[in-house]
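Structure record follows, encoded as structure tokens.
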Amino acid sequence: MADVLQQVVSGIASGGVYALLALALVLIYRSTGVVNFAQGEMAMFSTFVCWELLDRGLPYWVAFFLTLAISFVGGVLIERLVIHTVSRSQALTVVTVTIGLLILLNGAAAWIWKGEQRTLENPFPSDTFDVGGVVIAAQDLGIIGVSLAIVLVLWAFFQRTRVGLALRAAALNPASSRLHGVRVSWMLALGWGLAAVLGAVAGILVAPTQGSFDQNLMLPVLIFAFAAAVLGGLDSPIGAVVGGVVLGVVLNLVGAYIDFFADLRLPAALLLILGILLLRPNGLFGRSVVKRV
Amino acid sequence: MTAFRYALRVFGFVLFVAIVVYLPFRISDFRASEFALIGIYFIAILGLNVLTGYTGVISLGHGAFMALGAYTTAILVADHGMRDLWTIPLAGLLAAAAGAAFGLPALRLSGPYLALTTFGVAVATPIVIKKFDGLTGGSGGINLFEAEGITGLPEFIVTLPGGKVLSFNDWLYYLAWTIALVLFAVAWAIHHSHFGRSLRAIRDNEIAAAASGVWLASHKTLAFSISAFYAGVAGSLLAIWAFSVQPGAFPVDRSIALLVGLAVGGLGSLAPLAAGAAFLVFLPQLAQGISKAPGVPAVIYGAVLIALMIVLPMGVGGLLRWITGPLTSRLYPRS
């Protein structure tokens, strides 16, 4: 039993990272109706920026928050310069542009940082705690804590500030928000900026757990984040968080206890999600949209 | 369609066929192999267009159906001594059956959910192939170099009128493009059929289409199945073209590439999709030619793709429609 609990705790930690990236995807999907395929690469790029800042001798938390600021500006710029110009086109065009961004950012990171393996400083101690026979790593607790804090801050931002309200309004009903004086187009840019920040946190948290990383750091994480977002419902922030955590735990348990699936964790997770989607086509927390013809 | 425009279409198609037939006389043997690959991509993109272009369903998983087609051909040729040509339709039919089996439940999902589910299928494909190594040869894949069923080998050299020697690569080229042209005609027929119109009605408004008597489930599943058939045939040809299959040849990138080719060619177009296929083969080479430093070709590829989508949001097909459309529709666009 202790063994199972241990798998659950480390599953929650990796699920926290999926949740952050899934939340970023949901943020962009809700405001622009686009599934952002470049989300993982944006996070990877931010992680490299953080590495670069640390390499130049900045203290850890200064580098951390500076990276978030840079990521925010980067996300806003991507929306303004690229996404905004194609936003009136058909869905496939916008999707293709985010795929182009994925390829571009991956290449740019390999170019700038020479495609070499880098190691990112770990902000958490490597201690472990023994709680009733369950060994919990401080790193896992740290990741869970940071993810939780980010989710709470984000919730407060959306529910308790005027800008958050404007963001939600712009996503829900752009035309009517515009009439109320919300600058809808800038709200979309703001959404991209926030998504970039979320991605940056996810990248910075996940990189130390991998030992070393290169420009392909976030591709596998992105796939799990997609799965988490779909599981929870693409338009539901709570769904993204729950989906991420559930996925992290299930993946860990399946990988550890069912031999056949030990090297098939990903297909197993996808099978599970497909099963759930067949019962609830809009995810666990998603709403079905009633359309007028 | 007026008689004049109809004649223009027929003339265009004849010209297209003539270029396809004549091209190997002008290009090197190596280029013939590349153009064969373009033909293979063209087939897969034509199929994806039936699904995404007509029905409006975005699939990121058609690389999986290509893999199914490729492995069908490789296993039948290598392990059962079948002639490669006969495996091509079999590969297509098996992929079509798989497409129907996957599409029937999956098509209940709405746009982005389905896109991401198919994306998951594409991601899982190489992993699943490696798992069933008894059938698929694991990560090493299946080699066709020793197989007897490959048509055109050994020493397939025929002299054509005009002194042109038909090499093996030329043979691959003609094989791929003959099938591509037949399937092109089929796609054209679908486009102009009652069925094709129903699909476009689903794309434009699902609820209105259903209210007008289009049975969504059967139409969508059939469209998915047809597009999987095209992908299976393309995969089968790819196995013959590459002489081998490996799980590594079907990464998620291949599924994404098909969608990119479709976007570049122009969603809902037909002949311009060949431009999208050419883009997939030539742009990486072009980028490699500019610089081979790590990451630089990817930067160029990504930047060109983004720029192209900004300049031509409807792809090459959209540009051609704009040029060939009457001047008035350019001056006073309808929307």
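Residue numbering restarts at 1 in every chain; chains get A, B, ... in the order shown in the structure tokens, and ligands count up from 1 in that same order.
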
* Asked: What residues in chain A lie within 8 Å of chain B, counting only C-alpha atoms, written as a PyMOL selection string?
  -> chain A and resi 35+82+85-86+89-90+92-93+96-97+99-111+114-115+223+226-227+230+234+264+266-267+270+274+277-278+281-282+293

* All helix (DSSP H, G or I) residues (DSSP, backbone) inside stretch 43-212 of chain A, as JSON, numbers by chain -> {"A": [43, 44, 45, 46, 47, 48, 49, 50, 51, 52, 53, 54, 55, 60, 61, 62, 63, 64, 65, 66, 67, 68, 69, 70, 71, 72, 73, 74, 75, 76, 77, 78, 79, 80, 81, 82, 83, 84, 85, 86, 91, 92, 93, 94, 95, 96, 97, 98, 99, 100, 101, 102, 103, 104, 105, 106, 107, 108, 109, 110, 111, 112, 138, 139, 140, 141, 142, 143, 144, 145, 146, 147, 148, 149, 150, 151, 152, 153, 154, 155, 156, 157, 158, 159, 160, 162, 163, 164, 165, 166, 167, 168, 169, 170, 171, 172, 174, 175, 176, 177, 178, 179, 184, 185, 186, 187, 188, 189, 190, 191, 192, 193, 194, 195, 196, 197, 198, 199, 200, 201, 202, 203, 204, 205, 206, 207, 208, 209]}

* **Selection near A:Gly15, 9 Å with only C-alpha atoms, sequence-local residues under 6 positions removed, as a list in words** =>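 Near neighbours after the sequence-gap exclusion: Ile144, Phe224, Ala225, Ala228, Val241, Val242, Gly243, Gly244, Val245, Val246, Leu247, Gly248 and Val249 of chain A.
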
* To do: Compare B:Val245, B:Leu286, B:Ala98, B:Val50 by their minimum atom-to-atom distance to B:Leu199, counting only C-alpha atoms, and give me the closest one.
  =>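 Answer, going by the shortest atom-to-atom distance: B:Val50.
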
Set the distance at 10 Å and use only C-alpha atoms: which residues neighbour stretch 12-21 of chain B once local chain neighbours fewer than 3 positions away are removed? I'd like the list as a PDB file with all heavy atoms, in the first residue's frame.
ATOM      1  N   TYR B   6     -15.429  24.335 -68.440  1.00  0.00           N
ATOM      2  CA  TYR B   6     -15.306  22.891 -68.455  1.00  0.00           C
ATOM      3  C   TYR B   6     -14.151  22.478 -69.367  1.00  0.00           C
ATOM      4  O   TYR B   6     -13.312  21.654 -69.013  1.00  0.00           O
ATOM      5  CB  TYR B   6     -16.619  22.261 -68.929  1.00  0.00           C
ATOM      6  CG  TYR B   6     -16.665  20.778 -68.741  1.00  0.00           C
ATOM      7  CD1 TYR B   6     -16.839  20.226 -67.478  1.00  0.00           C
ATOM      8  CD2 TYR B   6     -16.506  19.918 -69.823  1.00  0.00           C
ATOM      9  CE1 TYR B   6     -16.867  18.869 -67.297  1.00  0.00           C
ATOM     10  CE2 TYR B   6     -16.536  18.557 -69.649  1.00  0.00           C
ATOM     11  CZ  TYR B   6     -16.718  18.025 -68.381  1.00  0.00           C
ATOM     12  OH  TYR B   6     -16.729  16.686 -68.207  1.00  0.00           O
ATOM     13  N   ALA B   7     -14.116  23.116 -70.559  1.00  0.00           N
ATOM     14  CA  ALA B   7     -13.036  22.815 -71.501  1.00  0.00           C
ATOM     15  C   ALA B   7     -11.689  23.165 -70.881  1.00  0.00           C
ATOM     16  O   ALA B   7     -10.698  22.438 -71.033  1.00  0.00           O
ATOM     17  CB  ALA B   7     -13.247  23.603 -72.799  1.00  0.00           C
ATOM     18  N   LEU B   8     -11.660  24.272 -70.132  1.00  0.00           N
ATOM     19  CA  LEU B   8     -10.427  24.708 -69.485  1.00  0.00           C
ATOM     20  C   LEU B   8      -9.950  23.658 -68.488  1.00  0.00           C
ATOM     21  O   LEU B   8      -8.768  23.328 -68.410  1.00  0.00           O
ATOM     22  CB  LEU B   8     -10.696  26.036 -68.765  1.00  0.00           C
ATOM     23  CG  LEU B   8      -9.514  26.998 -68.628  1.00  0.00           C
ATOM     24  CD1 LEU B   8      -9.039  27.436 -70.000  1.00  0.00           C
ATOM     25  CD2 LEU B   8      -9.918  28.204 -67.792  1.00  0.00           C
ATOM     26  N   ARG B   9     -10.905  23.098 -67.731  1.00  0.00           N
ATOM     27  CA  ARG B   9     -10.580  22.061 -66.741  1.00  0.00           C
ATOM     28  C   ARG B   9      -9.973  20.842 -67.431  1.00  0.00           C
ATOM     29  O   ARG B   9      -8.955  20.309 -67.011  1.00  0.00           O
ATOM     30  CB  ARG B   9     -11.846  21.622 -65.995  1.00  0.00           C
ATOM     31  CG  ARG B   9     -12.344  22.615 -64.980  1.00  0.00           C
ATOM     32  CD  ARG B   9     -11.479  22.543 -63.716  1.00  0.00           C
ATOM     33  NE  ARG B   9     -11.768  23.675 -62.838  1.00  0.00           N
ATOM     34  CZ  ARG B   9     -12.709  23.653 -61.914  1.00  0.00           C
ATOM     35  NH1 ARG B   9     -13.433  22.573 -61.757  1.00  0.00           N
ATOM     36  NH2 ARG B   9     -12.918  24.699 -61.156  1.00  0.00           N
ATOM     37  N   PRO B  24      10.167  12.535 -66.629  1.00  0.00           N
ATOM     38  CA  PRO B  24      11.383  11.715 -66.490  1.00  0.00           C
ATOM     39  C   PRO B  24      12.341  11.854 -67.671  1.00  0.00           C
ATOM     40  O   PRO B  24      13.525  11.542 -67.546  1.00  0.00           O
ATOM     41  CB  PRO B  24      10.842  10.288 -66.393  1.00  0.00           C
ATOM     42  CG  PRO B  24       9.475  10.442 -65.897  1.00  0.00           C
ATOM     43  CD  PRO B  24       8.963  11.718 -66.494  1.00  0.00           C
ATOM     44  N   PHE B  25      11.846  12.306 -68.818  1.00  0.00           N
ATOM     45  CA  PHE B  25      12.726  12.481 -69.973  1.00  0.00           C
ATOM     46  C   PHE B  25      13.665  13.666 -69.769  1.00  0.00           C
ATOM     47  O   PHE B  25      14.662  13.799 -70.444  1.00  0.00           O
ATOM     48  CB  PHE B  25      11.899  12.687 -71.251  1.00  0.00           C
ATOM     49  CG  PHE B  25      11.178  11.448 -71.696  1.00  0.00           C
ATOM     50  CD1 PHE B  25       9.953  11.115 -71.153  1.00  0.00           C
ATOM     51  CD2 PHE B  25      11.744  10.602 -72.642  1.00  0.00           C
ATOM     52  CE1 PHE B  25       9.298   9.970 -71.538  1.00  0.00           C
ATOM     53  CE2 PHE B  25      11.101   9.446 -73.043  1.00  0.00           C
ATOM     54  CZ  PHE B  25       9.868   9.124 -72.479  1.00  0.00           C
ATOM     55  N   PHE B  35      10.771  12.885 -57.335  1.00  0.00           N
ATOM     56  CA  PHE B  35       9.423  13.171 -57.843  1.00  0.00           C
ATOM     57  C   PHE B  35       8.471  12.007 -57.576  1.00  0.00           C
ATOM     58  O   PHE B  35       7.266  12.214 -57.422  1.00  0.00           O
ATOM     59  CB  PHE B  35       9.483  13.518 -59.338  1.00  0.00           C
ATOM     60  CG  PHE B  35       9.783  14.964 -59.578  1.00  0.00           C
ATOM     61  CD1 PHE B  35      11.079  15.392 -59.837  1.00  0.00           C
ATOM     62  CD2 PHE B  35       8.775  15.919 -59.515  1.00  0.00           C
ATOM     63  CE1 PHE B  35      11.367  16.732 -60.026  1.00  0.00           C
ATOM     64  CE2 PHE B  35       9.056  17.267 -59.706  1.00  0.00           C
ATOM     65  CZ  PHE B  35      10.351  17.674 -59.963  1.00  0.00           C
ATOM     66  N   GLY B  39       4.902  12.221 -55.663  1.00  0.00           N
ATOM     67  CA  GLY B  39       3.671  11.542 -56.054  1.00  0.00           C
ATOM     68  C   GLY B  39       3.044  10.816 -54.881  1.00  0.00           C
ATOM     69  O   GLY B  39       1.820  10.828 -54.698  1.00  0.00           O
ATOM     70  N   TYR B 173       8.677   6.187 -60.247  1.00  0.00           N
ATOM     71  CA  TYR B 173       8.009   7.452 -60.576  1.00  0.00           C
ATOM     72  C   TYR B 173       6.697   7.191 -61.308  1.00  0.00           C
ATOM     73  O   TYR B 173       5.645   7.694 -60.914  1.00  0.00           O
ATOM     74  CB  TYR B 173       8.950   8.302 -61.432  1.00  0.00           C
ATOM     75  CG  TYR B 173       8.294   9.519 -62.041  1.00  0.00           C
ATOM     76  CD1 TYR B 173       8.313  10.736 -61.372  1.00  0.00           C
ATOM     77  CD2 TYR B 173       7.649   9.443 -63.276  1.00  0.00           C
ATOM     78  CE1 TYR B 173       7.694  11.849 -61.923  1.00  0.00           C
ATOM     79  CE2 TYR B 173       7.037  10.543 -63.831  1.00  0.00           C
ATOM     80  CZ  TYR B 173       7.060  11.744 -63.156  1.00  0.00           C
ATOM     81  OH  TYR B 173       6.447  12.832 -63.697  1.00  0.00           O
ATOM     82  N   TYR B 174       6.762   6.365 -62.360  1.00  0.00           N
ATOM     83  CA  TYR B 174       5.542   6.117 -63.135  1.00  0.00           C
ATOM     84  C   TYR B 174       4.513   5.348 -62.325  1.00  0.00           C
ATOM     85  O   TYR B 174       3.317   5.591 -62.424  1.00  0.00           O
ATOM     86  CB  TYR B 174       5.869   5.382 -64.441  1.00  0.00           C
ATOM     87  CG  TYR B 174       6.390   6.304 -65.502  1.00  0.00           C
ATOM     88  CD1 TYR B 174       7.651   6.128 -66.052  1.00  0.00           C
ATOM     89  CD2 TYR B 174       5.633   7.387 -65.940  1.00  0.00           C
ATOM     90  CE1 TYR B 174       8.145   6.988 -67.018  1.00  0.00           C
ATOM     91  CE2 TYR B 174       6.108   8.257 -66.888  1.00  0.00           C
ATOM     92  CZ  TYR B 174       7.363   8.056 -67.434  1.00  0.00           C
ATOM     93  OH  TYR B 174       7.839   8.919 -68.366  1.00  0.00           O
ATOM     94  N   TRP B 177       2.954   7.878 -59.851  1.00  0.00           N
ATOM     95  CA  TRP B 177       2.131   8.913 -60.489  1.00  0.00           C
ATOM     96  C   TRP B 177       0.939   8.340 -61.240  1.00  0.00           C
ATOM     97  O   TRP B 177      -0.083   9.015 -61.368  1.00  0.00           O
ATOM     98  CB  TRP B 177       2.987   9.805 -61.388  1.00  0.00           C
ATOM     99  CG  TRP B 177       3.659  10.862 -60.575  1.00  0.00           C
ATOM    100  CD1 TRP B 177       4.930  10.835 -60.090  1.00  0.00           C
ATOM    101  CD2 TRP B 177       3.075  12.069 -60.081  1.00  0.00           C
ATOM    102  NE1 TRP B 177       5.183  11.951 -59.340  1.00  0.00           N
ATOM    103  CE2 TRP B 177       4.072  12.729 -59.316  1.00  0.00           C
ATOM    104  CE3 TRP B 177       1.813  12.668 -60.201  1.00  0.00           C
ATOM    105  CZ2 TRP B 177       3.829  13.962 -58.677  1.00  0.00           C
ATOM    106  CZ3 TRP B 177       1.585  13.884 -59.578  1.00  0.00           C
ATOM    107  CH2 TRP B 177       2.586  14.511 -58.826  1.00  0.00           C
ATOM    108  N   THR B 178       1.055   7.088 -61.736  1.00  0.00           N
ATOM    109  CA  THR B 178      -0.114   6.473 -62.364  1.00  0.00           C
ATOM    110  C   THR B 178      -1.215   6.315 -61.326  1.00  0.00           C
ATOM    111  O   THR B 178      -2.375   6.693 -61.540  1.00  0.00           O
ATOM    112  CB  THR B 178       0.248   5.090 -62.943  1.00  0.00           C
ATOM    113  OG1 THR B 178       1.356   5.240 -63.815  1.00  0.00           O
ATOM    114  CG2 THR B 178      -0.922   4.498 -63.699  1.00  0.00           C
ATOM    115  N   LEU B 181      -2.627   9.697 -60.335  1.00  0.00           N
ATOM    116  CA  LEU B 181      -3.564  10.300 -61.290  1.00  0.00           C
ATOM    117  C   LEU B 181      -4.922   9.611 -61.237  1.00  0.00           C
ATOM    118  O   LEU B 181      -5.959  10.268 -61.335  1.00  0.00           O
ATOM    119  CB  LEU B 181      -2.983  10.250 -62.709  1.00  0.00           C
ATOM    120  CG  LEU B 181      -1.846  11.248 -62.944  1.00  0.00           C
ATOM    121  CD1 LEU B 181      -1.261  11.089 -64.332  1.00  0.00           C
ATOM    122  CD2 LEU B 181      -2.331  12.681 -62.742  1.00  0.00           C
ATOM    123  N   ALA B 185      -8.366  11.426 -60.110  1.00  0.00           N
ATOM    124  CA  ALA B 185      -9.642  11.409 -60.826  1.00  0.00           C
ATOM    125  C   ALA B 185     -10.771  10.981 -59.885  1.00  0.00           C
ATOM    126  O   ALA B 185     -11.874  11.538 -59.928  1.00  0.00           O
ATOM    127  CB  ALA B 185      -9.553  10.465 -62.025  1.00  0.00           C
ATOM    128  N   ALA B 271      -5.590  19.720 -57.853  1.00  0.00           N
ATOM    129  CA  ALA B 271      -4.270  19.694 -58.490  1.00  0.00           C
ATOM    130  C   ALA B 271      -3.227  20.499 -57.717  1.00  0.00           C
ATOM    131  O   ALA B 271      -2.073  20.065 -57.614  1.00  0.00           O
ATOM    132  CB  ALA B 271      -4.381  20.181 -59.930  1.00  0.00           C
TER     133      ALA B 271
END

* Asked: Which residues, written as a PyMOL selection string, have at least one atom at most 9 Å from A:Val26, with only C-alpha atoms counted and residues fewer than 4 positions away on the same chain left out?
  -> chain A and resi 21-22+30-31+35+195+229+233-237+240

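For the residues B:Phe102, B:Trp86, B:Trp241, B:Phe229, ranking by smallest atom-to-atom distance to B:Gly69 using only C-alpha atoms places B:Phe229 first.
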
Please identify which residues in stretch 124-206 of chain B DSSP calls strand (DSSP E) from the backbone, and express them as a short mmCIF file (atom, residue, chain, number, x, y, z; two decimals) with C-alpha atoms, in the first residue's frame.
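Heads up, here's the output in part34.cif:
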data_model
loop_
_atom_site.label_atom_id
_atom_site.label_comp_id
_atom_site.auth_asym_id
_atom_site.auth_seq_id
_atom_site.Cartn_x
_atom_site.Cartn_y
_atom_site.Cartn_z
CA ILE B 142 11.56 -5.08 -42.32
CA ASN B 143 14.02 -5.05 -45.16
CA VAL B 158 13.65 -0.87 -70.70
CA THR B 159 14.43 1.46 -73.55
CA VAL B 165 16.30 4.24 -70.69
CA LEU B 166 13.70 3.49 -68.04
#

* To do: Take atom CA of A:Val4 and atom CA of A:Leu231 and report the distance between them in Å, one decimal.
  => 23.0 Å
